[in-house]
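S.K.: One structure, pasted below without further comment.
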4 protein chains.
Amino acid sequence: GLVAATFTPFTAEGKLDQEPIGTMVDTLIASGMAGLYVNGSTGEGVSLTGRERRQMAEAFVEAVAGRIPVIVQVGHNSVQESRELAEHAQEIGANAISATPPTYFKPASIELLLDSLREIMQGAQGLPFYYYHIPRITGVDFDLHALLSQAAKDLPELNGVKYTAQSIHEFQACRAHFADKFDLLYGCDEMLLSGLGAGANGAVGSTYNFAPGLYRRMIEAFRQGENEAARELQLLSVEMVQAFVRYPALPAQKAIMEMVGMPIGPPRLPWRDLTTQEKQTLEGDLKKLGFFEWRE
Amino acid sequence: GLVAATFTPFTAEGKLDQEPIGTMVDTLIASGMAGLYVNGSTGEGVSLTGRERRQMAEAFVEAVAGRIPVIVQVGHNSVQESRELAEHAQEIGANAISATPPTYFKPASIELLLDSLREIMQGAQGLPFYYYHIPRITGVDFDLHALLSQAAKDLPELNGVKYTAQSIHEFQACRAHFADKFDLLYGCDEMLLSGLGAGANGAVGSTYNFAPGLYRRMIEAFRQGENEAARELQLLSVEMVQAFVRYPALPAQKAIMEMVGMPIGPPRLPWRDLTTQEKQTLEGDLKKLGFFEWRE
Amino acid sequence: GLVAATFTPFTAEGKLDQEPIGTMVDTLIASGMAGLYVNGSTGEGVSLTGRERRQMAEAFVEAVAGRIPVIVQVGHNSVQESRELAEHAQEIGANAISATPPTYFKPASIELLLDSLREIMQGAQGLPFYYYHIPRITGVDFDLHALLSQAAKDLPELNGVKYTAQSIHEFQACRAHFADKFDLLYGCDEMLLSGLGAGANGAVGSTYNFAPGLYRRMIEAFRQGENEAARELQLLSVEMVQAFVRYPALPAQKAIMEMVGMPIGPPRLPWRDLTTQEKQTLEGDLKKLGFFEWRE
Amino acid sequence: GLVAATFTPFTAEGKLDQEPIGTMVDTLIASGMAGLYVNGSTGEGVSLTGRERRQMAEAFVEAVAGRIPVIVQVGHNSVQESRELAEHAQEIGANAISATPPTYFKPASIELLLDSLREIMQGAQGLPFYYYHIPRITGVDFDLHALLSQAAKDLPELNGVKYTAQSIHEFQACRAHFADKFDLLYGCDEMLLSGLGAGANGAVGSTYNFAPGLYRRMIEAFRQGENEAARELQLLSVEMVQAFVRYPALPAQKAIMEMVGMPIGPPRLPWRDLTTQEKQTLEGDLKKLGFFEWRE
C-alpha cells in the first residue's frame, strides 16, 4: 500500500505547529493511506531539534491513534542520538523505526553501516526497522543487493528498506531475492510505475499526501494489466512533479498542501518559502494539468 | 524494436578484426534486430583511431547490406572530427548518425550543446541524427526535457535521442511531450521494462547481442498486459547483468560473445580482458541462471 | 597562531570520558596553542547527542579556565539546534562559535547560507562567529570570495572563516581583500606552508595536538625566509599524515594520541577503531620518520 | 623554468591559423620561456582532428627551430591514436611527449593506467614522456604518490608528470621522494607560489603566455626568501585569474592574447567566444589591476 511521508507544520515564525496535524492525519487515513512515515526528508526531520523531533513523533502517533501504522524516521549524524530517538519512538507507541545512515561522517563499508544500524535498532528492540536508502541526499551508496546479502547473515533483524533511488534493476533484484527476509518500500513517486513493474508492493512518498487518488487508480490499472492507462496516470504524476520542481521542491509541496486545504506554513532554513507570485504561478500550472480534479 | 549496440572485434594483438563481422551481423538480423548501433560505448568507438572508426563503420554497413538500418556513432572530443566522421558515414551509406557531446571540454549550456550537435549534423545533412545521452559516462547531464524543448525551436532537424539513464520520469515526459518531434530510444537493458512502461517503443543495448529472445518475450508479455510474466523475464536480464558486472562490464560481455559462439577477441586498453579463470566462473554462473537455454 | 581542533575522549564502551580532558588541555596550552576548537570534525561533534555536545563544551571551557580562547563548533543539520547549541556555548563562557552549514538539506544559494548562519549567530550575539568551510565533507562549496563579498554587505557581524580546502588562490584572495573585515584560519595541516605563503596568520587543525613543535619551527623558518628549511619541516608533516591516512584518518589520530601519552579511547560509529596490529604498524612507521623526536 | 602551454590560433571561421604562430613563439622565447607545451588543454588539442593536431605540432616545432624544447600533448580517448600521435611527434622532431589518460573509458586501476601510458610511449621510444595529471577534467584521480611508486617499478622509463591539481602535500611528497626518478612540473598558475614552496622547479601554464614577467619576479622573490614580496606578486596573478574566470576561462584568455598584441582568433566548440562587450569589460578590469604594466 501507499505510505505518506508527512510534512511538518510550522507557524509563520518557524515554530512547530501541532494544530493542523489532526486534520492532516484524518484526511490521509480517509484517502486510504496504509501508513505514515514521520520526520523523514519530507517532514524536515533533520531540521528539527531533538526535542521537536520527539514532539512531532508524539503528535502523529497520538493523532493516528492506532488506525494505521506510524513509522518514525530517526536518522541523525549521531548514531547515539538516533538510538535515543528510536527509544523514544518505541516508548510513545510508534509501530516502526527507520533511519538514514550518518552522513557527515559516512560509513566506510557495509559492515560499518550495519554496525551503525544495529546500534540504532538497539534503542527499539522488537520494533520493525527500515534502512532509509536515499543516496542522492546521503551520499551513502552501497550496492543494496550486497548490503542485503550481508544483512541476511549479520543483521537478520533488519525489517526492510525504504528505497529512494532510480536503479530499478537493483530494486528488482532485491525484491526478488530477499522477498522472504526483507520488506522493500519504493520511494520515487514519479517512477512508481517502474517500481510496481519491478515488484514493489509498497511505496513511501510525499505526493501521496495531496494526490492519493491518482496513484490508487494507477496501481489498479497496473494490476489489471491496463498498461496504457497506467502510463497515462503516471504521466500526470510526472507532470505534477515537473510543475513543482521548477521551485525548491519541498517548499513547493508545502505550498500545494495549502492549495488543497491543508495549510501547514513555511519550511525551515536552509529552505526558503515560495513567494506569493511563485505560489500563484504554481497553482495556475497545476490547474492547467487538471490536478485539482484528478488528485483525490 | 530492439537495436543491438555492436561490439568491435579485435585480434589477440589488439588489431581490428573484420572477419567475425559477417557472422555477427547475420546472427543479429536473424534474431530480429530492428537496427544496429555501431561504434558506440559497446563498440569501443572512442578507443579506435579515426581510420579504424571509418573501417568499422564500413565493415558493418557492408555486412548489413541494407537489410536493417545502421546507426553510426561519431561522438568525439573534437566536434570537427565528429563532423568528418558523420560525413564519412553518410558517404558509405549509413542510415543514421548518433553522437555523444564533447566531454573533455563539456558544453557549458544547452545552447552550446545544440551548437555542437548542429555542427556535427552538417557533416551528414539529411541523415537522421540521434543525440547520445549517457551522463554517467559523459558527465554532460542537462535536463533532457529542457533540452528537447529548446531543440524543438533551435534544432528541429534533430531526429531523436539515445537515452541511457535511469530517470524514467524524465524519459516518460520526453516521450509523451515530444512524440511527434523526436524519437527516443531507451538504453538501459536491465531496466527495459521500466522504459516500456514509460512508453518506449525502441531500445538500444549491448545484451541484445546475446540474449535477444529473452527481451522479445518480455516485450510481448508487456504488450499483452501480462505484467508478472514480464517481470520474471526482466529479472532474468537483471540476474544476467549482475553475473557479468562482477567483472569489468565490457570485457565480460565480449567473453559472453565467445560463449555463445561469436568470438570477437579481447577489449582494448584501458579495459583488460577477463582471465581464463574469470571466464570460466562467469560461464558457470550464467549456466546456473539457465542463460544458455533462454537467451535466444 | 595555531589552534588545536580537540579530540573527544570516549571510554571503551563509547561513553563520553571527561577524565583525560584536564591533561589534554594543560598539554596543549603548554605547547603554545593559541586556542582550542571544540566539537569540530576532529572532535566528532556531530557524533555526539545534543546533551553530550553541551557536556564536552563545558568540560573544555572549564578545563581551559580562560587561559586561551575556546571556539565551540555548533554545526548541525538543524539550524535551530545549532542556534540552541550556540546559546549554550555563550552561557558557559565559550569565547567564540563556529558552525558548518546544514548538509542533509544544503543551502541552495549564498543568501540562504548567510540566512542560516545569521539564525545560528542569534543564539550567541556578541560572540565572534566563524563559518566552517569544509566542502569535501559538507558538499557546500560556494565561491568563498563571493560569499565574503556578500557577507560584507549582508552579514557584517560574521567574524571569519575556518577554511579547510586546498584552493590556496581563493584563500589568498579572501585574505588579501577582506583582511580588515574577516579573520581567516587555514585548516589543512599538511598544506600549512602554502597557507602561510598565501598570508595565513592563524590555523586550526588536528595534528597540532600531537606535533606542535614541528609546526612552530616551520612557521618560524617561513617568517625568516628560510624557505628550504620550512619545506623540509612541512615534508615531515606530509609524511606523518601519509603514515596515518593509510588507516581511517580520525581513529588513526586517536591512536597516535595514545602513543604520545594522552589516551582518549576509540572513536564512535561510523568510524571503527584501529586494530592492535594496525596501531603497532603505525607506531613503527612513525618511529621511522623520527616522529617521536621532532613532534614536540 | 616556466613552460608556456600554447594556444591554438583559429580563423574567424574556425579553421587552423598558422600565421600567428611565428610571432607567438618568438615572443614566448624572448620572454624567457624554458619550453612550450603544445596541444594541451590550453591548446584545445582534443578539439582538433587528428590531422590538425599533427599540423599544429609541426607548426610549433618548426617555428621554435630548436631554440627551446617542445613538448607535444597526445592524450586521446583512443590509446592507439595517442600512440600514433606520439610517433608523429617524434618524427617531426618534438623534444618530449605528454598525454592525459583515456577519459571516456577510464583506467580502472593504476596498473591499467600504466599499461595505457606504456602503449603510448612505444610510439616515441627514447623521447621523455610526461603523464598529464589533471583530475578535475579527466576524472582520473589516482593517488599520485602510489602511482609513482608503482611506476618506479613497472614503468621506470616514465620521465615525469605535469601535475595540475591543488593537493600541494601530494605534490610535495612526490617531489621529495622521487626527485631522482621523475620530473614534476606544477600546473596551477594561480597557486605557483605554493608549488614553489613544495619544491617545484618547473611549471607549465597558460597565463605564462601573457604575464611572464610577473612570474619571473615572483620566482626570484621566493628564491631570495622575500616571502611578502612573493605573496604580493602571486596576488596579482590571483586577481588576474579572478578577472577572467568570470567568463569561460579559455576563450577569455584567447581574448587577452589579442589585448597584448597576439590575436589568435576565437575558440572552438564547445567553447564560445567572448562577446565584444565582455572583452571590453575584461580589458577594463585588467587595466584596473595594472595588468598591462606588470605583465611583461
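Labels used: A, B, ... for chains in the order of the C-alpha cells, numbers from 1 for residues in each chain, and numbers from 1 for ligands as shown.
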Which chain C residues have any atom within 6 Å of an atom of chain A, and for each, what is the nearest pair of atoms with distance in Å to one decimal, counting only C-alpha atoms, rows sorted by chain and number, as a Markdown table?
M.R.:
| residue | atom | partner | partner_atom | distance |
| --- | --- | --- | --- | --- |
| C:Val46 | CA | A:Asn77 | CA | 5.7 |
| C:Ser47 | CA | A:Ser78 | CA | 3.8 |
| C:Leu48 | CA | A:Ser78 | CA | 5.4 |
| C:Thr49 | CA | A:Glu81 | CA | 4.9 |
| C:Asn77 | CA | A:Val46 | CA | 5.7 |
| C:Ser78 | CA | A:Ser47 | CA | 3.8 |
| C:Glu81 | CA | A:Thr49 | CA | 4.9 |
| C:Pro107 | CA | A:Pro270 | CA | 5.0 |
| C:Leu112 | CA | A:Pro270 | CA | 5.9 |
| C:Pro270 | CA | A:Pro107 | CA | 4.9 |
S.K.: Would you kindly return, as a list in words, each protein, DNA or RNA residue with an atom no farther than 8 Å from any atom of Ile256 in chain D, considering only C-alpha atoms and excluding same-chain residues fewer than 4 positions away?
M.R.: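 That gives Phe210, Ala252, Val260 and Glu283 of chain D.
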S.K.: If we count only C-alpha atoms, what is near Ala57 in chain A at a cut-off of 9 Å, once residues fewer than 3 positions away on the same chain are taken out, given as an mmCIF file with C-alpha atoms, in the first residue's frame?
M.R.:
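Everything below was put into part-v8.cif:
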data_model
loop_
_atom_site.group_PDB
_atom_site.id
_atom_site.type_symbol
_atom_site.label_atom_id
_atom_site.label_comp_id
_atom_site.auth_asym_id
_atom_site.auth_seq_id
_atom_site.Cartn_x
_atom_site.Cartn_y
_atom_site.Cartn_z
ATOM 1 C CA VAL A 38 7.068 10.771 10.066
ATOM 2 C CA ASN A 39 10.150 13.015 10.334
ATOM 3 C CA GLU A 52 10.996 18.929 18.400
ATOM 4 C CA ARG A 53 11.506 15.588 16.666
ATOM 5 C CA ARG A 54 10.115 13.880 19.721
ATOM 6 C CA PHE A 60 1.449 11.992 14.855
ATOM 7 C CA VAL A 61 1.253 8.807 16.906
ATOM 8 C CA GLU A 62 -1.410 10.412 19.045
ATOM 9 C CA VAL A 70 3.315 5.056 12.041
ATOM 10 C CA VAL A 72 9.236 7.280 12.781
ATOM 11 C CA GLN A 73 12.414 8.313 10.983
ATOM 12 C CA HIS A 88 11.612 7.441 22.439
ATOM 13 C CA ALA A 89 9.603 6.361 19.396
ATOM 14 C CA ILE A 92 5.333 6.587 22.627
ATOM 15 C CA ALA A 94 5.298 4.094 17.177
#
S.K.: What's around range 125-128 of chain D at 6 Å? Count only C-alpha atoms, leave out sequence neighbours fewer than 2 positions away in its own chain, and write the answer as a list in words.
M.R.: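 In the requested format, the answer is Ala96, Gln122 and Asn159 of chain D.
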S.K.: With distances taken over only C-alpha atoms, which of A:Gly284, A:Pro156, A:Gly22, A:Gly93 is nearest to Phe244 in chain A?
M.R.: A:Gly284
S.K.: Using CA of Val3 in chain C and CA of Ser167 in chain C as the two end points, give the distance in Å to one decimal.
M.R.: 20.5 Å
S.K.: What's around Leu274 in chain A at 10 Å? Count only C-alpha atoms, leave out sequence neighbours fewer than 2 positions away in its own chain, and write the answer as an mmCIF file with all heavy atoms, in the first residue's frame.
M.R.:
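To be explicit, this is the file written out as around_10.cif:
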data_model
loop_
_atom_site.group_PDB
_atom_site.id
_atom_site.type_symbol
_atom_site.label_atom_id
_atom_site.label_comp_id
_atom_site.auth_asym_id
_atom_site.auth_seq_id
_atom_site.Cartn_x
_atom_site.Cartn_y
_atom_site.Cartn_z
ATOM 1 N N TYR A 247 10.533 25.023 -8.699
ATOM 2 C CA TYR A 247 10.813 25.727 -7.453
ATOM 3 C C TYR A 247 11.542 24.771 -6.524
ATOM 4 O O TYR A 247 11.594 23.576 -6.786
ATOM 5 C CB TYR A 247 9.488 26.190 -6.819
ATOM 6 C CG TYR A 247 8.603 26.856 -7.831
ATOM 7 C CD1 TYR A 247 7.573 26.144 -8.463
ATOM 8 C CD2 TYR A 247 8.828 28.185 -8.211
ATOM 9 C CE1 TYR A 247 6.799 26.742 -9.439
ATOM 10 C CE2 TYR A 247 8.046 28.778 -9.186
ATOM 11 C CZ TYR A 247 7.039 28.059 -9.797
ATOM 12 O OH TYR A 247 6.275 28.641 -10.765
ATOM 13 N N PRO A 248 12.068 25.274 -5.425
ATOM 14 C CA PRO A 248 12.615 24.338 -4.429
ATOM 15 C C PRO A 248 11.516 23.336 -4.077
ATOM 16 O O PRO A 248 10.392 23.723 -3.742
ATOM 17 C CB PRO A 248 12.976 25.253 -3.252
ATOM 18 C CG PRO A 248 13.168 26.611 -3.864
ATOM 19 C CD PRO A 248 12.226 26.679 -5.023
ATOM 20 N N ALA A 249 11.826 22.041 -4.176
ATOM 21 C CA ALA A 249 10.779 21.024 -4.203
ATOM 22 C C ALA A 249 9.998 20.910 -2.896
ATOM 23 O O ALA A 249 8.776 20.747 -2.889
ATOM 24 C CB ALA A 249 11.387 19.666 -4.564
ATOM 25 N N LEU A 250 10.686 20.993 -1.768
ATOM 26 C CA LEU A 250 9.961 20.815 -0.518
ATOM 27 C C LEU A 250 9.028 21.995 -0.247
ATOM 28 O O LEU A 250 7.831 21.784 0.023
ATOM 29 C CB LEU A 250 10.932 20.609 0.646
ATOM 30 C CG LEU A 250 10.182 20.377 1.942
ATOM 31 C CD1 LEU A 250 9.845 18.909 2.116
ATOM 32 C CD2 LEU A 250 10.949 20.915 3.116
ATOM 33 N N PRO A 251 9.513 23.242 -0.300
ATOM 34 C CA PRO A 251 8.607 24.378 -0.089
ATOM 35 C C PRO A 251 7.445 24.386 -1.074
ATOM 36 O O PRO A 251 6.311 24.738 -0.702
ATOM 37 C CB PRO A 251 9.515 25.594 -0.318
ATOM 38 C CG PRO A 251 10.896 25.093 -0.057
ATOM 39 C CD PRO A 251 10.911 23.661 -0.463
ATOM 40 N N ALA A 252 7.707 23.986 -2.314
ATOM 41 C CA ALA A 252 6.625 23.980 -3.303
ATOM 42 C C ALA A 252 5.531 23.007 -2.888
ATOM 43 O O ALA A 252 4.336 23.289 -3.043
ATOM 44 C CB ALA A 252 7.183 23.609 -4.668
ATOM 45 N N GLN A 253 5.930 21.881 -2.323
ATOM 46 C CA GLN A 253 4.918 20.911 -1.907
ATOM 47 C C GLN A 253 4.161 21.389 -0.666
ATOM 48 O O GLN A 253 2.968 21.102 -0.504
ATOM 49 C CB GLN A 253 5.576 19.546 -1.655
ATOM 50 C CG GLN A 253 6.045 18.910 -2.951
ATOM 51 C CD GLN A 253 6.682 17.551 -2.704
ATOM 52 O OE1 GLN A 253 6.011 16.531 -2.660
ATOM 53 N NE2 GLN A 253 7.988 17.540 -2.526
ATOM 54 N N LYS A 254 4.852 22.118 0.197
ATOM 55 C CA LYS A 254 4.123 22.696 1.331
ATOM 56 C C LYS A 254 3.098 23.714 0.821
ATOM 57 O O LYS A 254 1.991 23.822 1.361
ATOM 58 C CB LYS A 254 5.101 23.334 2.329
ATOM 59 C CG LYS A 254 6.030 22.301 2.991
ATOM 60 C CD LYS A 254 6.806 22.857 4.188
ATOM 61 C CE LYS A 254 6.219 22.367 5.509
ATOM 62 N NZ LYS A 254 7.105 22.612 6.681
ATOM 63 N N ALA A 255 3.468 24.438 -0.233
ATOM 64 C CA ALA A 255 2.515 25.382 -0.825
ATOM 65 C C ALA A 255 1.313 24.638 -1.407
ATOM 66 O O ALA A 255 0.164 25.096 -1.288
ATOM 67 C CB ALA A 255 3.213 26.209 -1.909
ATOM 68 N N PRO A 266 5.339 27.640 6.348
ATOM 69 C CA PRO A 266 6.563 27.659 5.529
ATOM 70 C C PRO A 266 7.520 26.538 5.929
ATOM 71 O O PRO A 266 7.298 25.868 6.936
ATOM 72 C CB PRO A 266 7.174 29.010 5.881
ATOM 73 C CG PRO A 266 6.788 29.209 7.311
ATOM 74 C CD PRO A 266 5.414 28.608 7.450
ATOM 75 N N PRO A 267 8.575 26.337 5.136
ATOM 76 C CA PRO A 267 9.613 25.384 5.524
ATOM 77 C C PRO A 267 10.605 26.064 6.463
ATOM 78 O O PRO A 267 10.533 27.266 6.694
ATOM 79 C CB PRO A 267 10.287 25.060 4.201
ATOM 80 C CG PRO A 267 10.226 26.367 3.462
ATOM 81 C CD PRO A 267 8.900 26.991 3.858
ATOM 82 N N TRP A 271 15.820 25.854 3.601
ATOM 83 C CA TRP A 271 14.856 26.116 2.543
ATOM 84 C C TRP A 271 14.319 27.531 2.671
ATOM 85 O O TRP A 271 14.362 28.126 3.750
ATOM 86 C CB TRP A 271 13.677 25.140 2.638
ATOM 87 C CG TRP A 271 13.994 23.694 2.445
ATOM 88 C CD1 TRP A 271 14.055 22.740 3.418
ATOM 89 C CD2 TRP A 271 14.277 23.030 1.216
ATOM 90 N NE1 TRP A 271 14.362 21.514 2.856
ATOM 91 C CE2 TRP A 271 14.503 21.657 1.507
ATOM 92 C CE3 TRP A 271 14.356 23.448 -0.109
ATOM 93 C CZ2 TRP A 271 14.805 20.716 0.526
ATOM 94 C CZ3 TRP A 271 14.653 22.514 -1.085
ATOM 95 C CH2 TRP A 271 14.880 21.161 -0.770
ATOM 96 N N ARG A 272 13.772 28.025 1.597
ATOM 97 C CA ARG A 272 13.024 29.287 1.665
ATOM 98 C C ARG A 272 11.614 28.997 1.178
ATOM 99 O O ARG A 272 11.389 28.103 0.363
ATOM 100 C CB ARG A 272 13.668 30.346 0.766
ATOM 101 C CG ARG A 272 13.590 30.037 -0.724
ATOM 102 C CD ARG A 272 13.913 31.248 -1.600
ATOM 103 N NE ARG A 272 13.804 30.884 -3.018
ATOM 104 C CZ ARG A 272 12.665 30.871 -3.718
ATOM 105 N NH1 ARG A 272 11.521 31.215 -3.141
ATOM 106 N NH2 ARG A 272 12.640 30.508 -4.994
ATOM 107 N N THR A 276 4.721 34.718 -3.000
ATOM 108 C CA THR A 276 3.299 34.724 -3.351
ATOM 109 C C THR A 276 3.126 34.556 -4.849
ATOM 110 O O THR A 276 2.259 33.794 -5.316
ATOM 111 C CB THR A 276 2.655 36.051 -2.898
ATOM 112 O OG1 THR A 276 2.909 36.209 -1.501
ATOM 113 C CG2 THR A 276 1.155 36.041 -3.131
ATOM 114 N N GLN A 277 3.953 35.247 -5.587
ATOM 115 C CA GLN A 277 3.894 35.149 -7.051
ATOM 116 C C GLN A 277 4.165 33.714 -7.516
ATOM 117 O O GLN A 277 3.470 33.184 -8.373
ATOM 118 C CB GLN A 277 4.931 36.121 -7.645
ATOM 119 C CG GLN A 277 5.038 36.075 -9.164
ATOM 120 C CD GLN A 277 3.700 36.402 -9.822
ATOM 121 O OE1 GLN A 277 3.096 37.425 -9.538
ATOM 122 N NE2 GLN A 277 3.206 35.492 -10.683
ATOM 123 N N GLU A 278 5.192 33.122 -6.926
ATOM 124 C CA GLU A 278 5.517 31.746 -7.304
ATOM 125 C C GLU A 278 4.365 30.793 -6.991
ATOM 126 O O GLU A 278 4.044 29.887 -7.770
ATOM 127 C CB GLU A 278 6.787 31.274 -6.577
ATOM 128 C CG GLU A 278 8.065 31.931 -7.098
ATOM 129 C CD GLU A 278 9.300 31.593 -6.246
ATOM 130 O OE1 GLU A 278 9.143 31.358 -5.019
ATOM 131 O OE2 GLU A 278 10.409 31.583 -6.798
ATOM 132 N N LYS A 279 3.735 31.019 -5.832
ATOM 133 C CA LYS A 279 2.624 30.145 -5.458
ATOM 134 C C LYS A 279 1.470 30.282 -6.448
ATOM 135 O O LYS A 279 0.839 29.287 -6.832
ATOM 136 C CB LYS A 279 2.150 30.477 -4.037
ATOM 137 C CG LYS A 279 3.148 30.048 -2.959
ATOM 138 C CD LYS A 279 2.665 30.432 -1.556
ATOM 139 C CE LYS A 279 3.743 30.104 -0.518
ATOM 140 N NZ LYS A 279 3.370 30.526 0.850
ATOM 141 N N GLN A 280 1.222 31.512 -6.873
ATOM 142 C CA GLN A 280 0.123 31.716 -7.833
ATOM 143 C C GLN A 280 0.427 31.053 -9.167
ATOM 144 O O GLN A 280 -0.433 30.403 -9.765
ATOM 145 C CB GLN A 280 -0.123 33.219 -8.028
ATOM 146 C CG GLN A 280 -0.844 33.843 -6.830
ATOM 147 C CD GLN A 280 -0.926 35.357 -6.920
ATOM 148 O OE1 GLN A 280 -0.398 35.955 -7.861
ATOM 149 N NE2 GLN A 280 -1.553 35.982 -5.944
ATOM 150 N N LEU A 282 2.421 28.535 -9.692
ATOM 151 C CA LEU A 282 2.362 27.084 -9.495
ATOM 152 C C LEU A 282 0.907 26.613 -9.486
ATOM 153 O O LEU A 282 0.558 25.617 -10.135
ATOM 154 C CB LEU A 282 3.066 26.715 -8.179
ATOM 155 C CG LEU A 282 2.951 25.259 -7.729
ATOM 156 C CD1 LEU A 282 3.434 24.290 -8.811
ATOM 157 C CD2 LEU A 282 3.742 25.035 -6.439
#
S.K.: Give the strand (DSSP E) residues of range 72-254 of chain C, as assigned by DSSP on the backbone, as JSON, numbers by chain.
M.R.: {"C": [72, 73, 96, 97, 98, 99, 129, 130, 131, 132, 133, 160, 161, 162, 163, 183, 184, 185, 186, 203, 204, 205]}
S.K.: Could you dump the residues just selected with C-alpha atoms as a PDB file, in the first residue's frame?
M.R.:
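And here's out-v2.pdb as it stands now:
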ATOM      1  CA  VAL C  72      32.817  25.791  20.126  1.00  0.00           C
ATOM      2  CA  GLN C  73      31.620  24.225  16.874  1.00  0.00           C
ATOM      3  CA  ALA C  96      33.691  32.091  20.012  1.00  0.00           C
ATOM      4  CA  ILE C  97      31.305  29.995  17.943  1.00  0.00           C
ATOM      5  CA  SER C  98      31.780  28.201  14.649  1.00  0.00           C
ATOM      6  CA  ALA C  99      29.416  26.176  12.509  1.00  0.00           C
ATOM      7  CA  PHE C 129      31.370  33.584  14.777  1.00  0.00           C
ATOM      8  CA  TYR C 130      33.401  31.569  12.254  1.00  0.00           C
ATOM      9  CA  TYR C 131      31.806  29.923   9.237  1.00  0.00           C
ATOM     10  CA  TYR C 132      33.284  26.431   8.927  1.00  0.00           C
ATOM     11  CA  HIS C 133      34.074  25.893   5.226  1.00  0.00           C
ATOM     12  CA  GLY C 160      35.663  34.938   9.971  1.00  0.00           C
ATOM     13  CA  VAL C 161      36.063  31.566   8.373  1.00  0.00           C
ATOM     14  CA  LYS C 162      37.742  28.282   9.188  1.00  0.00           C
ATOM     15  CA  TYR C 163      38.910  27.497   5.685  1.00  0.00           C
ATOM     16  CA  ASP C 183      39.563  36.610  10.084  1.00  0.00           C
ATOM     17  CA  LEU C 184      40.588  33.543   8.073  1.00  0.00           C
ATOM     18  CA  LEU C 185      42.007  30.462   9.744  1.00  0.00           C
ATOM     19  CA  TYR C 186      43.640  27.920   7.485  1.00  0.00           C
ATOM     20  CA  ALA C 203      45.425  27.864  11.522  1.00  0.00           C
ATOM     21  CA  VAL C 204      43.185  25.189  13.003  1.00  0.00           C
ATOM     22  CA  GLY C 205      43.996  21.531  12.754  1.00  0.00           C
TER      23      GLY C 205
END
